[in-house]
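**Student:** Pasting a structure below so you can have a look.
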Amino acid sequence: EFGEVVVNAGGGRVALAALEAAGAENVDGKVLVDVSNPLAVEEGELRLSPVESDSVGEQIQRAFPHARVVKSLNTVNCRVMVEPASVPGEHNVFVCGDDPGAKEQVAALLGEFGWPAERVLDLGGIRAARAVEMWLPLWAGLFRKFGHGEFNIEVRRAR
């Protein structure tokens, strides 16, 4: 109720129910950072639900049209989120959402966590949440390979 920014860091499949329990009046008009991933485990296999044609970020934006939803930080583990220097290199974090001001506010928050502005990549509208949510199966495979979650992706471009 009193928070300036709402962070959805619960499971993606229960995100809507959790936010509904918090009450739309407590998220209306606020920046809502969606850190969740649509993780589903069925028969011991990791799956995403939804995948490709929708995202948790989009579902939240539809359910709470007055919230200013920004998808971010769902591509890294909790330590890398708030201590990006724990991973060497020029790795990136992503933001996407329909409200440019909300994305700017989230980028500033990321800066407070230690993310340099040039490493925060704006992927566009909330529909781009589909792409960053689909990173999870590869992230999980790398987690199994490395035995920990302190890694990240670095986007390199041709000059």
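Residue numbering restarts at 1 in every chain; chains get A, B, ... in the order shown in the structure tokens, and ligands count up from 1 in that same order.
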Just the residues within 10 Å of Glu4 of chain A, please, counting only C-alpha atoms, with nothing from its chain fewer than 5 positions along; format it as a list in words.
**Tutor:**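 Returned residues: Asn26, Val27, Gly29, Lys30, Val31 and Leu32 of chain A.
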**Student:** Please, which residues in segment 68-94 of chain A fall within 9 Å of segment 124-131 of chain A when counting only C-alpha atoms, and what is the closest atom pair and distance in Å to one decimal for each, ordered by chain then residue number, as a tab-separated table?
**Tutor:**
```
residue	atom	partner	partner_atom	distance
A:Val69	CA	A:Ile126	CA	7.5
A:Val70	CA	A:Ile126	CA	7.0
A:Lys71	CA	A:Ala129	CA	6.1
A:Ser72	CA	A:Ala129	CA	8.4
```
**Student:** Which residues are near segment 144-157 of chain A? Cut-off 7 Å, only C-alpha atoms, ignore same chain within fewer than 3 positions. Put them as a ChimeraX atom specification.
**Tutor:** /A:76-77,80,87,90-92,140-141
**Student:** In terms of the shortest atom-to-atom distance over only C-alpha atoms, which of A:Phe113, A:Trp139, A:Phe2, A:Phe64 is closest to Ala24 of chain A?
**Tutor:**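 Selected residue with least distance to Ala24 of chain A: A:Phe64.
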**Student:** Neighbours of Glu133 of chain A within 8 Å (only C-alpha atoms; same-chain residues fewer than 2 positions away dropped), as an NGL selection string?
**Tutor:** :A and (37-38 or 51 or 55 or 74-75 or 129-131 or 135-136)
**Student:** Smallest atom-to-atom distance to Asp28 of chain A: which of A:Met134, A:Val56, A:Ala67, A:Cys78, using only C-alpha atoms?
**Tutor:** A:Ala67
**Student:** Using DSSP secondary structure from the backbone, list all helix (DSSP H, G or I) positions within segment 14-113 of chain A, as a PyMOL selection string.
**Tutor:** chain A and resi 14-22+24-26+56-63+78-82+84-86+100-113
**Student:** Excluding Val14 of chain A and any residue of its chain fewer than 6 positions from it, enumerate the residues within 12 Å of it, using only C-alpha atoms, and give them as a VMD selection string.
**Tutor:** chain A and resid 8 20 to 21 36 to 40 49 56 59 to 60
**Student:** Keeping only N, CA and C atoms, take the residues you just selected and write them out as a CSV table (one decimal), in the first residue's frame.
**Tutor:**
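So the final result, stored in selection.csv, reads:
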```
chain,number,residue,atom,x,y,z
A,8,ASN,N,7.2,-7.8,-8.2
A,8,ASN,CA,6.6,-9.1,-8.2
A,8,ASN,C,7.8,-10.1,-8.4
A,20,GLU,N,-3.5,-10.0,-7.1
A,20,GLU,CA,-4.9,-9.8,-6.8
A,20,GLU,C,-5.1,-9.8,-5.3
A,21,ALA,N,-4.4,-10.6,-4.6
A,21,ALA,CA,-4.6,-10.6,-3.1
A,21,ALA,C,-4.1,-9.3,-2.5
A,36,SER,N,9.4,-12.2,-12.2
A,36,SER,CA,9.0,-13.6,-12.2
A,36,SER,C,9.3,-14.3,-13.6
A,37,ASN,N,9.3,-15.6,-13.5
A,37,ASN,CA,9.4,-16.4,-14.7
A,37,ASN,C,8.3,-17.5,-14.7
A,38,PRO,N,7.7,-17.9,-15.8
A,38,PRO,CA,6.6,-18.8,-15.8
A,38,PRO,C,7.0,-20.2,-15.7
A,39,LEU,N,7.7,-20.6,-14.7
A,39,LEU,CA,8.3,-21.9,-14.5
A,39,LEU,C,7.2,-22.9,-14.2
A,40,ALA,N,7.2,-24.0,-14.9
A,40,ALA,CA,6.3,-25.1,-14.6
A,40,ALA,C,7.2,-26.4,-14.6
A,49,SER,N,5.1,-21.8,-18.9
A,49,SER,CA,3.7,-21.7,-19.2
A,49,SER,C,3.2,-20.4,-18.6
A,56,VAL,N,4.1,-13.7,-18.6
A,56,VAL,CA,3.6,-13.2,-17.3
A,56,VAL,C,3.6,-11.7,-17.2
A,59,GLN,N,0.5,-10.7,-19.0
A,59,GLN,CA,-0.7,-11.0,-18.2
A,59,GLN,C,-0.9,-10.0,-17.1
A,60,ILE,N,0.2,-9.7,-16.4
A,60,ILE,CA,0.1,-8.7,-15.3
A,60,ILE,C,-0.4,-7.3,-15.8
```
